[in-house]
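Pasting entry-v7.txt here (compact mmCIF, C-alpha atoms and all ligand atoms):
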```
# COMPACT_ATOMS: atom_id res chain seq x y z
CA MET A 832 -23.86 87.95 136.25
CA LYS A 833 -20.46 89.56 135.70
CA LYS A 834 -18.61 88.34 132.59
CA SER A 835 -14.87 87.81 132.23
CA LYS A 836 -12.66 86.54 129.42
CA ILE A 837 -9.52 84.46 130.00
CA GLY A 838 -6.93 83.62 127.34
CA ILE A 839 -4.79 80.48 127.46
CA LEU A 840 -1.68 79.64 125.44
CA THR A 841 1.14 77.11 125.34
CA GLY A 842 4.67 78.32 124.49
CA GLY A 843 8.10 76.78 123.84
CA GLY A 844 8.69 73.09 123.15
CA ASP A 845 5.61 70.89 123.31
CA CYS A 846 5.38 68.01 125.77
CA ALA A 847 2.85 65.60 127.24
CA GLY A 848 0.60 67.16 129.91
CA LEU A 849 -0.26 70.40 128.11
CA ASN A 850 -3.67 69.22 126.87
CA PRO A 851 -4.77 67.92 130.31
CA ALA A 852 -3.89 71.34 131.78
CA ILE A 853 -5.86 73.18 129.07
CA LYS A 854 -8.82 70.85 129.57
CA TRP A 855 -8.95 71.52 133.31
CA VAL A 856 -8.55 75.27 132.91
CA VAL A 857 -11.58 75.24 130.61
CA LYS A 858 -13.66 72.84 132.69
CA THR A 859 -12.99 74.72 135.93
CA ALA A 860 -13.55 78.17 134.46
CA LEU A 861 -16.82 77.12 132.84
CA ASP A 862 -18.12 74.92 135.66
CA ASP A 863 -21.81 75.84 136.13
CA ARG A 864 -21.96 75.35 139.86
CA LEU A 865 -18.77 77.31 140.49
CA GLN A 866 -19.91 80.15 138.21
CA TRP A 867 -22.93 80.73 140.47
CA GLU A 868 -20.79 80.65 143.60
CA ARG A 869 -18.32 83.11 142.05
CA GLY A 870 -20.95 85.36 140.51
CA THR A 871 -18.83 85.54 137.37
CA GLN A 872 -19.37 83.88 134.03
CA TYR A 873 -16.00 83.08 132.46
CA GLU A 874 -15.23 82.62 128.80
CA VAL A 875 -11.99 80.92 127.74
CA LEU A 876 -10.19 81.78 124.51
CA GLY A 877 -7.51 79.37 123.30
CA ILE A 878 -4.65 81.32 121.71
CA ARG A 879 -2.96 79.42 118.90
CA ASP A 880 0.81 78.92 118.49
CA GLY A 881 2.07 80.52 121.69
CA TRP A 882 3.02 84.20 121.69
CA ARG A 883 2.88 84.19 117.88
CA GLY A 884 -0.91 83.96 118.13
CA LEU A 885 -0.99 87.18 120.12
CA ILE A 886 1.35 88.96 117.71
CA ASN A 887 -0.51 88.08 114.51
CA LEU A 888 -4.04 88.03 115.87
CA GLU A 889 -6.64 86.57 113.52
CA PRO A 890 -9.80 86.56 115.63
CA ALA A 891 -12.89 84.50 114.92
CA GLY A 892 -15.21 86.18 112.44
CA ALA A 893 -12.40 87.71 110.38
CA GLY A 894 -13.56 85.73 107.36
CA LEU A 895 -11.14 82.88 108.01
CA LYS A 896 -11.76 79.16 108.48
CA VAL A 897 -12.00 78.06 112.14
CA ARG A 898 -8.57 76.39 112.03
CA GLU A 899 -7.02 79.72 110.94
CA TYR A 900 -8.27 81.81 113.89
CA SER A 901 -5.59 82.54 116.43
CA ALA A 902 -8.06 82.99 119.30
CA VAL A 903 -10.66 80.23 119.54
CA PRO A 904 -13.47 80.05 122.12
CA LEU A 905 -13.15 76.76 124.03
CA ASN A 906 -15.88 74.88 125.84
CA GLN A 907 -16.21 71.66 127.84
CA GLU A 908 -17.37 69.66 124.83
CA ILE A 909 -14.38 70.73 122.72
CA VAL A 910 -11.81 69.81 125.40
CA ARG A 911 -13.60 66.67 126.68
CA THR A 912 -11.07 64.14 125.33
CA TRP A 913 -7.97 66.36 125.23
CA ASP A 914 -6.30 64.89 128.33
CA ARG A 915 -5.65 61.66 126.41
CA TYR A 916 -3.41 63.32 123.85
CA GLY A 917 0.20 64.48 123.76
CA GLY A 918 1.48 67.73 122.25
CA THR A 919 -0.77 70.76 122.41
CA MET A 920 -4.08 71.16 120.63
CA LEU A 921 -3.46 74.93 120.67
CA GLY A 922 -0.11 74.67 118.88
CA THR A 923 3.05 76.29 120.16
CA SER A 924 6.06 78.30 119.00
CA ARG A 925 9.38 79.55 120.27
CA THR A 926 8.39 83.11 119.32
CA ASN A 927 9.81 85.73 121.67
CA PRO A 928 7.80 88.98 121.56
CA TYR A 929 10.67 90.70 123.37
CA ASN A 930 13.31 89.48 120.89
CA PRO A 931 15.76 92.41 120.90
CA ARG A 932 16.21 92.04 117.12
CA ASP A 933 12.46 92.37 116.49
CA ASP A 934 10.44 93.58 119.51
CA GLN A 935 6.75 92.75 118.99
CA SER A 936 5.61 93.22 122.58
CA LYS A 937 3.47 96.24 121.73
CA ALA A 938 1.40 94.08 119.37
CA VAL A 939 0.90 91.50 122.14
CA LEU A 940 -0.26 94.18 124.59
CA ALA A 941 -2.59 95.73 122.03
CA ASN A 942 -4.12 92.35 121.11
CA ILE A 943 -4.69 91.31 124.73
CA LYS A 944 -6.63 94.56 125.08
CA LYS A 945 -8.46 94.05 121.78
CA LEU A 946 -9.60 90.58 122.86
CA GLY A 947 -10.74 92.01 126.21
CA LEU A 948 -8.80 89.44 128.26
CA GLU A 949 -8.97 89.91 132.01
CA ALA A 950 -6.22 87.33 132.44
CA VAL A 951 -3.86 85.22 130.35
CA ILE A 952 -2.90 81.71 131.48
CA VAL A 953 0.51 80.83 130.11
CA ILE A 954 1.72 77.22 130.07
CA GLY A 955 5.46 77.29 129.52
CA GLY A 956 9.04 76.80 130.56
CA ASP A 957 11.67 79.40 131.47
CA ASP A 958 11.54 81.34 128.18
CA THR A 959 7.75 81.55 127.93
CA LEU A 960 7.40 82.46 131.60
CA LYS A 961 10.05 85.15 131.23
CA VAL A 962 7.81 86.79 128.63
CA ALA A 963 4.84 86.29 130.97
CA TYR A 964 6.70 88.08 133.75
CA LYS A 965 7.64 91.00 131.49
CA LEU A 966 3.95 91.35 130.56
CA THR A 967 2.97 91.48 134.24
CA GLN A 968 5.32 94.47 134.54
CA GLU A 969 3.33 96.14 131.76
CA GLY A 970 0.08 95.61 133.65
CA VAL A 971 -1.19 92.32 132.15
CA ASN A 972 -2.80 89.82 134.55
CA VAL A 973 -0.86 86.62 133.97
CA ILE A 974 -0.89 83.17 135.59
CA GLY A 975 1.84 80.65 134.73
CA ILE A 976 1.68 76.86 134.61
CA PRO A 977 5.09 75.09 134.63
CA LYS A 978 5.92 72.67 131.84
CA THR A 979 9.12 71.28 130.34
CA ILE A 980 10.52 67.80 129.97
CA ASP A 981 13.79 69.30 131.29
CA ASN A 982 12.25 69.77 134.79
CA ASP A 983 14.61 72.72 135.24
CA LEU A 984 12.24 75.41 136.58
CA PRO A 985 12.93 76.61 140.11
CA GLU A 986 10.24 76.99 142.78
CA THR A 987 8.40 73.84 141.71
CA ASP A 988 9.19 70.16 142.26
CA TYR A 989 7.40 69.26 139.02
CA THR A 990 7.02 70.55 135.49
CA LEU A 991 4.48 68.99 133.13
CA GLY A 992 5.90 66.51 130.63
CA PHE A 993 8.84 65.30 132.73
CA GLU A 994 7.35 62.03 133.98
CA THR A 995 6.06 61.00 130.53
CA ALA A 996 9.52 61.70 129.08
CA LEU A 997 11.10 59.52 131.81
CA ASN A 998 8.70 56.71 130.94
CA ILE A 999 9.70 56.97 127.29
CA ILE A 1000 13.43 56.91 128.12
CA THR A 1001 12.89 53.86 130.33
CA GLU A 1002 10.85 52.00 127.70
CA GLU A 1003 13.31 52.75 124.90
CA ILE A 1004 16.25 51.58 127.04
CA ASP A 1005 14.37 48.37 127.88
CA ARG A 1006 14.17 47.79 124.12
CA LEU A 1007 17.85 48.55 123.62
CA ARG A 1008 18.84 46.11 126.35
CA THR A 1009 17.61 43.01 124.52
CA THR A 1010 19.51 43.85 121.36
CA ALA A 1011 22.58 45.13 123.25
CA GLY A 1012 22.75 41.89 125.25
CA SER A 1013 22.41 39.70 122.16
CA HIS A 1014 25.42 41.38 120.53
CA LYS A 1015 27.48 42.25 123.64
CA ARG A 1016 27.26 45.89 122.58
CA ILE A 1017 27.51 49.20 124.34
CA PHE A 1018 24.70 51.66 123.68
CA VAL A 1019 25.16 55.35 124.45
CA VAL A 1020 21.70 56.90 124.77
CA GLU A 1021 21.54 60.69 124.40
CA THR A 1022 18.67 62.43 126.18
CA MET A 1023 17.45 66.04 125.99
CA GLY A 1024 17.46 68.45 128.93
CA ARG A 1025 19.65 71.40 127.86
CA GLU A 1026 21.81 72.47 130.85
CA ALA A 1027 19.88 70.24 133.27
CA GLY A 1028 20.69 66.60 133.92
CA TRP A 1029 17.33 65.51 135.33
CA LEU A 1030 16.17 63.54 132.30
CA ALA A 1031 19.47 61.69 131.99
CA LEU A 1032 19.84 61.11 135.74
CA GLU A 1033 16.31 59.98 136.54
CA GLY A 1034 15.86 58.24 133.14
CA GLY A 1035 19.17 56.44 133.77
CA GLU A 1036 18.14 55.53 137.32
CA SER A 1037 14.72 54.24 136.21
CA SER A 1038 16.27 52.09 133.53
CA GLY A 1039 19.26 50.92 135.59
CA ALA A 1040 21.90 52.42 133.27
CA PHE A 1041 25.52 51.50 134.02
CA ILE A 1042 26.85 55.04 133.49
CA ILE A 1043 24.98 58.35 133.61
CA LEU A 1044 26.59 61.58 132.41
CA ILE A 1045 25.05 64.94 133.26
CA PRO A 1046 25.83 68.58 132.40
CA GLU A 1047 26.33 69.45 136.07
CA TYR A 1048 29.50 67.31 136.29
CA ASP A 1049 32.12 67.33 133.52
CA PHE A 1050 33.30 63.79 132.79
CA SER A 1051 36.53 62.15 131.74
CA ILE A 1052 36.30 59.75 128.80
CA GLU A 1053 39.24 57.76 130.21
CA LYS A 1054 37.21 57.14 133.35
CA VAL A 1055 34.19 56.04 131.26
CA ASN A 1056 36.42 53.53 129.44
CA GLU A 1057 37.87 52.27 132.72
CA LEU A 1058 34.40 51.77 134.21
CA ILE A 1059 33.33 49.78 131.15
CA LEU A 1060 36.39 47.54 131.16
CA GLU A 1061 36.01 46.99 134.91
CA GLY A 1062 32.38 45.99 134.31
CA ARG A 1063 33.37 43.56 131.57
CA ARG A 1064 35.99 41.99 133.84
CA GLY A 1065 33.22 41.59 136.39
CA GLY A 1066 31.12 39.65 133.83
CA SER A 1067 28.83 42.22 132.19
CA ARG A 1068 27.85 41.32 128.62
CA TYR A 1069 26.65 44.76 127.54
CA ASP A 1070 26.38 48.32 128.81
CA ILE A 1071 23.91 51.16 128.70
CA ILE A 1072 25.31 54.66 129.06
CA VAL A 1073 22.87 57.56 129.34
CA VAL A 1074 24.24 60.98 128.47
CA ALA A 1075 22.46 64.33 128.65
CA GLU A 1076 22.74 66.41 125.47
CA GLY A 1077 24.36 69.19 127.52
CA ALA A 1078 27.05 66.98 129.15
CA LYS A 1079 30.65 68.11 128.65
CA LEU A 1080 34.04 66.43 128.57
CA MET A 1081 36.40 67.81 131.22
CA GLY A 1082 37.90 70.99 129.83
CA GLY A 1083 35.48 70.99 126.89
CA SER A 1084 32.24 72.72 126.05
CA GLU A 1085 28.81 71.43 125.09
CA PHE A 1086 28.17 69.95 121.64
CA THR A 1087 25.92 71.89 119.29
CA ARG A 1088 24.23 70.74 116.12
CA ASP A 1089 24.29 74.06 114.28
CA VAL A 1090 25.74 77.51 114.77
CA GLY A 1091 22.50 79.53 115.05
CA VAL A 1092 20.44 80.39 118.12
CA ASP A 1093 16.66 80.62 118.53
CA SER A 1094 14.77 83.83 119.36
CA PHE A 1095 15.55 83.30 123.06
CA GLY A 1096 19.28 82.88 122.33
CA HIS A 1097 19.51 79.07 122.79
CA LYS A 1098 21.83 76.87 120.74
CA THR A 1099 20.59 73.48 119.50
CA LEU A 1100 22.51 70.89 121.51
CA GLY A 1101 23.41 67.39 120.35
CA GLY A 1102 26.19 65.05 119.25
CA ILE A 1103 27.87 64.15 122.55
CA GLY A 1104 26.43 60.59 122.45
CA GLU A 1105 28.07 59.79 119.11
CA LEU A 1106 31.38 61.24 120.27
CA ILE A 1107 31.37 59.01 123.36
CA ALA A 1108 30.45 55.91 121.35
CA LYS A 1109 33.35 56.59 118.95
CA GLU A 1110 35.85 57.20 121.75
CA ILE A 1111 34.83 53.95 123.48
CA ARG A 1112 35.09 52.01 120.20
CA GLU A 1113 38.55 53.33 119.54
CA SER A 1114 39.94 52.85 123.05
CA THR A 1115 38.35 49.62 124.20
CA LYS A 1116 37.76 47.95 120.81
CA LEU A 1117 34.28 47.03 122.08
CA GLU A 1118 31.34 47.49 119.76
CA SER A 1119 29.67 50.73 120.71
CA ARG A 1120 26.72 52.57 119.14
CA SER A 1121 24.79 55.71 119.94
CA VAL A 1122 21.05 56.39 119.94
CA VAL A 1123 19.63 59.91 120.12
CA LEU A 1124 16.15 59.79 121.67
CA SER A 1125 15.47 63.35 120.56
CA HIS A 1126 11.82 64.39 120.17
CA LEU A 1127 10.51 60.89 120.95
CA GLN A 1128 10.87 62.10 124.55
CA ARG A 1129 8.31 64.84 123.98
CA GLY A 1130 5.83 62.76 121.99
CA GLY A 1131 2.91 60.45 122.66
CA ALA A 1132 0.13 60.30 125.21
CA PRO A 1133 0.64 61.78 128.69
CA CYS A 1134 1.25 59.23 131.45
CA ALA A 1135 -1.20 59.09 134.38
CA TYR A 1136 0.99 61.43 136.46
CA ASP A 1137 1.04 64.15 133.79
CA ARG A 1138 -2.74 63.85 133.39
CA ARG A 1139 -3.22 64.32 137.14
CA MET A 1140 -0.69 67.12 137.48
CA GLY A 1141 -2.14 68.85 134.41
CA ARG A 1142 -5.53 68.63 136.06
CA TYR A 1143 -4.33 70.01 139.41
CA PHE A 1144 -2.30 72.81 137.81
CA GLY A 1145 -5.24 73.77 135.54
CA ILE A 1146 -7.67 73.92 138.45
CA ALA A 1147 -5.21 75.89 140.60
CA ALA A 1148 -4.66 78.39 137.77
CA ILE A 1149 -8.38 79.19 137.77
CA ASP A 1150 -8.39 79.40 141.59
CA LEU A 1151 -5.81 82.18 141.19
CA VAL A 1152 -7.87 83.93 138.48
CA VAL A 1153 -10.95 83.83 140.71
CA ARG A 1154 -8.95 85.30 143.61
CA LYS A 1155 -7.41 87.85 141.22
CA ASP A 1156 -4.04 86.73 142.55
CA PHE A 1157 -2.07 87.45 139.39
CA GLY A 1158 1.65 87.41 138.56
CA LYS A 1159 1.99 83.90 140.01
CA MET A 1160 2.93 80.44 138.72
CA VAL A 1161 1.12 77.40 140.05
CA SER A 1162 3.62 75.01 141.56
CA TYR A 1163 4.05 71.63 143.24
CA LYS A 1164 6.18 71.94 146.35
CA ASN A 1165 6.75 69.52 149.22
CA GLY A 1166 3.79 67.40 148.17
CA LYS A 1167 1.33 70.28 147.81
CA ILE A 1168 -0.11 72.30 144.94
CA THR A 1169 0.61 75.94 145.65
CA ALA A 1170 1.55 79.18 143.85
CA VAL A 1171 4.77 81.22 143.71
CA PRO A 1172 5.52 84.71 142.34
CA LEU A 1173 6.61 84.57 138.67
CA LYS A 1174 9.43 86.91 139.61
CA GLU A 1175 11.06 84.14 141.66
CA VAL A 1176 10.89 81.62 138.83
CA ILE A 1177 12.63 83.47 136.05
CA GLY A 1178 16.32 83.98 135.40
CA ARG A 1179 17.63 80.84 137.13
CA LEU A 1180 17.46 77.08 136.60
CA ASN A 1181 16.84 74.13 138.87
CA LEU A 1182 19.85 71.87 138.27
CA VAL A 1183 21.03 68.56 139.74
CA ASP A 1184 22.93 69.06 143.00
CA VAL A 1185 26.02 66.94 142.35
CA GLU A 1186 26.94 66.75 146.01
CA THR A 1187 23.71 65.14 147.14
CA GLN A 1188 22.27 63.61 143.98
CA TYR A 1189 25.16 62.22 141.92
CA ASP A 1190 27.93 59.70 142.52
CA ILE A 1191 31.08 61.14 140.94
CA GLU A 1192 33.01 57.87 141.46
CA ARG A 1193 30.57 55.65 139.59
CA TYR A 1194 29.19 58.33 137.24
CA ASN A 1195 25.72 57.30 138.35
CA GLY A 1196 22.90 58.06 140.77
CA ARG A 1197 23.70 58.14 144.47
CA ARG A 1198 24.02 54.88 146.42
CA THR A 1199 23.28 56.26 149.85
CA ILE A 1200 19.99 58.02 150.29
CA LEU A 1201 19.31 58.36 153.99
CA SER A 1202 21.67 60.79 155.63
CA THR A 1203 23.44 59.49 158.74
O1 LIG A 1301 13.36 72.55 126.50
C1 LIG A 1301 12.81 71.38 126.00
C2 LIG A 1301 13.70 70.78 124.95
O2 LIG A 1301 13.14 69.55 124.53
C3 LIG A 1301 15.17 70.61 125.35
O3 LIG A 1301 15.38 69.48 126.14
C4 LIG A 1301 15.83 70.55 124.00
O4 LIG A 1301 17.19 70.91 124.05
C5 LIG A 1301 15.04 71.53 123.20
O5 LIG A 1301 13.77 71.63 123.81
C6 LIG A 1301 14.88 71.15 121.74
O6 LIG A 1301 14.21 72.16 121.11
P1 LIG A 1301 13.56 72.04 119.67
O7 LIG A 1301 12.36 71.14 119.77
O8 LIG A 1301 13.18 73.43 119.31
O9 LIG A 1301 14.61 71.44 118.79
```

As C-alpha cells, what does this structure read like?
Amino acid sequence: MKKSKIGILTGGGDCAGLNPAIKWVVKTALDDRLQWERGTQYEVLGIRDGWRGLINLEPAGAGLKVREYSAVPLNQEIVRTWDRYGGTMLGTSRTNPYNPRDDQSKAVLANIKKLGLEAVIVIGGDDTLKVAYKLTQEGVNVIGIPKTIDNDLPETDYTLGFETALNIITEEIDRLRTTAGSHKRIFVVETMGREAGWLALEGGESSGAFIILIPEYDFSIEKVNELILEGRRGGSRYDIIVVAEGAKLMGGSEFTRDVGVDSFGHKTLGGIGELIAKEIRESTKLESRSVVLSHLQRGGAPCAYDRRMGRYFGIAAIDLVVRKDFGKMVSYKNGKITAVPLKEVIGRLNLVDVETQYDIERYNGRRTILST
C-alpha cells in the first residue's frame, strides 16, 4: 500500500476545540477501513508549538526525551481522550516564520521536506493561516482548520473555540449578577476579541447584559451614563455592561496594555473596561467595578459544540488530503461543512455588521430580527 505522512500543528492563541480537531484528524487518517478503500496508509506527525516546531525541528530519535521532540508520531490510542480537554496537547506559539525582522521561512520549508510531509494541516486564526497561505505559494500542500475565540475569520460561520468562550462569558456574568444585585453595583465586563465584537455582542446577548459595547461602533460615555440612569429610574438595582477589549470612545483609539507588538504586528489590547467603570463612578456616583475576563475565555474543557465542530472539521481536513485538494480551509457555511480557498480567507476580518446586528440607540443587540 502507498504510504503518506501528514503533519498537524496548532498556531496562535490556544482555545477550546483544538484537541477534538487533532483527535479526529488522527482517527480519520489512520482509520483501518478507510485506509483500504483509499489504498494509502497515512502516518500523522504532531508538530509541537506551532510554526516554532517547524523552525527548530528536533525529530524523534535525536537523543532527546519524547516530550522534547518537535514532531511526534500520533496514533488513535494517544489521542483517544483528547477531545475532553481544552488548550492544545501539541502546544502553540505566536511565532511568525515570515517575520520581516527575522525571516525563518526557509527553515520551515526545509524541515517540511526533511520530515517527508505530503501535507500539513494547520489549525489557526488569521495570522497562522496567512503563513499557511504563503507556504502554499512556495509549493507546500496545506489544509487549514479555522479556530479563534474572536470568530473573526471570513468565509466560515464558525471558528473553533468561540462557543466555549461564549459559555464562559455567560457563566461568569451569571456569577457577577448575584453579587452585583446584592450591592446595587454596576459591573463592566471586558471581553477579548481584538477588532471584532462577536464575543462581547453574543456573550452580552446570551447573558442579557444591559449595555454592550463593540469595536465596530464607537460609543459615547455620556450616552452610557444616561442609559444607566434611565434604567435606575425605571427600577433596575444593578447593571451589567459588556465591553469588547477593542471598543473605542468616540474620537478615541483602542486601549493597549503595553507599547510592543507581537511577531505578527498586533498590540496587546486591554483597559477600556476600567476606564468605563471609573467614568461611570465619577459621573453618576453609582458604585461601579470592572472585571477583565481575559484568558479565562480561552481555558477549560470544550463545550459540546466545539467537540462536534472539531470532529467535523478534522474529518473534512482529511477528506481534502485524500482528494489532494490542497490550499483550502475547511469551513462551516449556511449549515454545511465545506471548504474554501485559503486565499479568500486571509487579509480581511469578519466583523459585526452594525446596521443589521447592533442597536445603536440601546447599545445592545438588535430588537427586531425578522425583516419586514
Ligand atoms: O486572538 C485571540 C485572542 O484571545 C484575542 O482575543 C486577544 O486579544 C489575544 O488573543 C490575546 O493574546 P495573548 O494570549 O497572546 O495575550

Just checking: using all atoms listed in the file, which residue out of A:Val857, A:Leu1180, A:Val973, A:Ala963 ends up closest to ligand LIG 1301 (chain A)?
A:Leu1180

All residues having an atom within 7 Å of ligand LIG 1301 (chain A) (only C-alpha atoms and all ligand atoms) as a PyMOL selection string
chain A and resi 844+979-981+1023-1025+1099-1100+1126+1129

Using the selection just defined, write its residues with C-alpha atoms as a short mmCIF file (atom, residue, chain, number, x, y, z; two decimals), keeping the file's coordinate frame.
```
data_model
loop_
_atom_site.label_atom_id
_atom_site.label_comp_id
_atom_site.auth_asym_id
_atom_site.auth_seq_id
_atom_site.Cartn_x
_atom_site.Cartn_y
_atom_site.Cartn_z
CA GLY A 844 8.69 73.09 123.15
CA THR A 979 9.12 71.28 130.34
CA ILE A 980 10.52 67.80 129.97
CA ASP A 981 13.79 69.30 131.29
CA MET A 1023 17.45 66.04 125.99
CA GLY A 1024 17.46 68.45 128.93
CA ARG A 1025 19.65 71.40 127.86
CA THR A 1099 20.59 73.48 119.50
CA LEU A 1100 22.51 70.89 121.51
CA HIS A 1126 11.82 64.39 120.17
CA ARG A 1129 8.31 64.84 123.98
#
```

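CA of Ile1168 in chain A sits 9.9 Å away from CA of Asp988 in chain A.
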
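Shortest atom-to-atom contact with Thr841 in chain A among A:Gly1066, A:Gly884, A:Pro1172, A:Gly1102: A:Gly884, counting all atoms listed in the file.
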
To one decimal place in Å, what is the distance between CA of Ile909 in chain A and CA of Thr923 in chain A?
18.5 Å

Restricting the calculation to only C-alpha atoms: of A:Val1090, A:Ile1072, A:Leu1173, A:Cys846, which residue gets closest to Gln968 in chain A?
A:Leu1173

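Distance-wise, CA of Gly1131 in chain A and CA of Gly917 in chain A end up 5.0 Å apart.
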
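Nearest to Glu1047 in chain A of all the residues A:Ile943, A:Leu991, A:Val962, A:Leu1182 is A:Leu1182, based on all atoms listed in the file.
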
Please report, as JSON lines, each residue of range 1092-1192 of chain A lying at most 12 Å from range 946-958 of chain A, together with the nearest pair of atoms and the separation in Å rounded to one decimal; use only C-alpha atoms, and order rows by chain and ascending residue number.
```
{"residue": "A:Asp1093", "atom": "CA", "partner": "A:Asp958", "partner_atom": "CA", "distance": 10.9}
{"residue": "A:Ser1094", "atom": "CA", "partner": "A:Asp958", "partner_atom": "CA", "distance": 9.7}
{"residue": "A:Phe1095", "atom": "CA", "partner": "A:Asp958", "partner_atom": "CA", "distance": 6.8}
{"residue": "A:Gly1096", "atom": "CA", "partner": "A:Asp958", "partner_atom": "CA", "distance": 9.8}
{"residue": "A:His1097", "atom": "CA", "partner": "A:Asp958", "partner_atom": "CA", "distance": 9.9}
{"residue": "A:Gly1141", "atom": "CA", "partner": "A:Ile954", "partner_atom": "CA", "distance": 10.2}
{"residue": "A:Phe1144", "atom": "CA", "partner": "A:Ile954", "partner_atom": "CA", "distance": 9.8}
{"residue": "A:Gly1145", "atom": "CA", "partner": "A:Ile952", "partner_atom": "CA", "distance": 9.2}
{"residue": "A:Ile1146", "atom": "CA", "partner": "A:Ile952", "partner_atom": "CA", "distance": 11.5}
{"residue": "A:Ala1147", "atom": "CA", "partner": "A:Ile952", "partner_atom": "CA", "distance": 11.1}
{"residue": "A:Ala1148", "atom": "CA", "partner": "A:Ile952", "partner_atom": "CA", "distance": 7.3}
{"residue": "A:Ile1149", "atom": "CA", "partner": "A:Ile952", "partner_atom": "CA", "distance": 8.7}
{"residue": "A:Asp1150", "atom": "CA", "partner": "A:Ile952", "partner_atom": "CA", "distance": 11.7}
{"residue": "A:Leu1151", "atom": "CA", "partner": "A:Ile952", "partner_atom": "CA", "distance": 10.1}
{"residue": "A:Val1152", "atom": "CA", "partner": "A:Ala950", "partner_atom": "CA", "distance": 7.1}
{"residue": "A:Val1153", "atom": "CA", "partner": "A:Ala950", "partner_atom": "CA", "distance": 10.1}
{"residue": "A:Arg1154", "atom": "CA", "partner": "A:Ala950", "partner_atom": "CA", "distance": 11.7}
{"residue": "A:Lys1155", "atom": "CA", "partner": "A:Ala950", "partner_atom": "CA", "distance": 8.9}
{"residue": "A:Asp1156", "atom": "CA", "partner": "A:Ala950", "partner_atom": "CA", "distance": 10.4}
{"residue": "A:Phe1157", "atom": "CA", "partner": "A:Ala950", "partner_atom": "CA", "distance": 8.1}
{"residue": "A:Gly1158", "atom": "CA", "partner": "A:Ala950", "partner_atom": "CA", "distance": 10.0}
{"residue": "A:Lys1159", "atom": "CA", "partner": "A:Ile952", "partner_atom": "CA", "distance": 10.1}
{"residue": "A:Met1160", "atom": "CA", "partner": "A:Val953", "partner_atom": "CA", "distance": 9.0}
{"residue": "A:Val1161", "atom": "CA", "partner": "A:Ile954", "partner_atom": "CA", "distance": 10.0}
{"residue": "A:Ser1162", "atom": "CA", "partner": "A:Ile954", "partner_atom": "CA", "distance": 11.9}
{"residue": "A:Leu1173", "atom": "CA", "partner": "A:Asp957", "partner_atom": "CA", "distance": 10.2}
{"residue": "A:Lys1174", "atom": "CA", "partner": "A:Asp957", "partner_atom": "CA", "distance": 11.3}
{"residue": "A:Glu1175", "atom": "CA", "partner": "A:Asp957", "partner_atom": "CA", "distance": 11.3}
{"residue": "A:Val1176", "atom": "CA", "partner": "A:Asp957", "partner_atom": "CA", "distance": 7.7}
{"residue": "A:Ile1177", "atom": "CA", "partner": "A:Asp957", "partner_atom": "CA", "distance": 6.2}
{"residue": "A:Gly1178", "atom": "CA", "partner": "A:Asp957", "partner_atom": "CA", "distance": 7.6}
{"residue": "A:Arg1179", "atom": "CA", "partner": "A:Asp957", "partner_atom": "CA", "distance": 8.3}
{"residue": "A:Leu1180", "atom": "CA", "partner": "A:Asp957", "partner_atom": "CA", "distance": 8.1}
{"residue": "A:Asn1181", "atom": "CA", "partner": "A:Asp957", "partner_atom": "CA", "distance": 10.5}
```

For Gly848 in chain A: contacts at 8 Å, only C-alpha atoms, fewer than 6 positions along chain excluded, given as a ChimeraX atom specification:
/A:914,917-918,978,991-992,1133,1137-1138,1140-1141

Can you tell me, as a VMD selection string, what residues are no more than 8 Å from Ile853 in chain A when counting all atoms listed in the file, ignoring any on the same chain fewer than 2 positions away?
chain A and resid 839 849 to 851 855 to 857 910 1141 1145

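Nearest-residue note for Thr871 in chain A: choosing from A:Thr1115, A:Ala1027, A:Asp845, A:Met832, the minimum distance belongs to A:Met832, counting all atoms listed in the file.
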
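In terms of minimum interatomic distance to Lys1109 in chain A, A:Ile1052 ranks closest within A:Gly1065, A:Thr1022, A:Pro985, A:Ile1052, counting all atoms listed in the file.
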
List every protein, DNA or RNA residue that has an atom no more than 12 Å from (20.4, 67.3, 122.1) in the file's coordinate frame, counting all atoms listed in the file, and report them as a PyMOL selection string.
chain A and resi 981+1020-1028+1030-1031+1046+1074-1078+1085-1089+1097-1105+1122-1128

Set the distance at 10 Å and use all atoms listed in the file: which residues neighbour range 1187-1202 of chain A once local chain neighbours fewer than 5 positions away are removed? I'd like the list as an MDAnalysis selection string.
chainID A and resid 1031:1033 1035:1036 1039:1045 1047:1051 1054:1055 1058 1072:1073

Counting all atoms listed in the file, which residues sit no farther than 7 Å from the position (-3.8, 72.8, 120.9) in the file's frame? I'd like them as a PyMOL selection string.
chain A and resi 850+879+919-922

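Around range 999-1015 of chain A, within 7 Å and counting only C-alpha atoms, the residues found are Thr995, Ala996, Leu997, Ile1017, Phe1018, Gly1034, Ser1037, Ser1038, Arg1068, Tyr1069 and Gln1128 of chain A, once anything fewer than 2 positions away on its own chain is removed.
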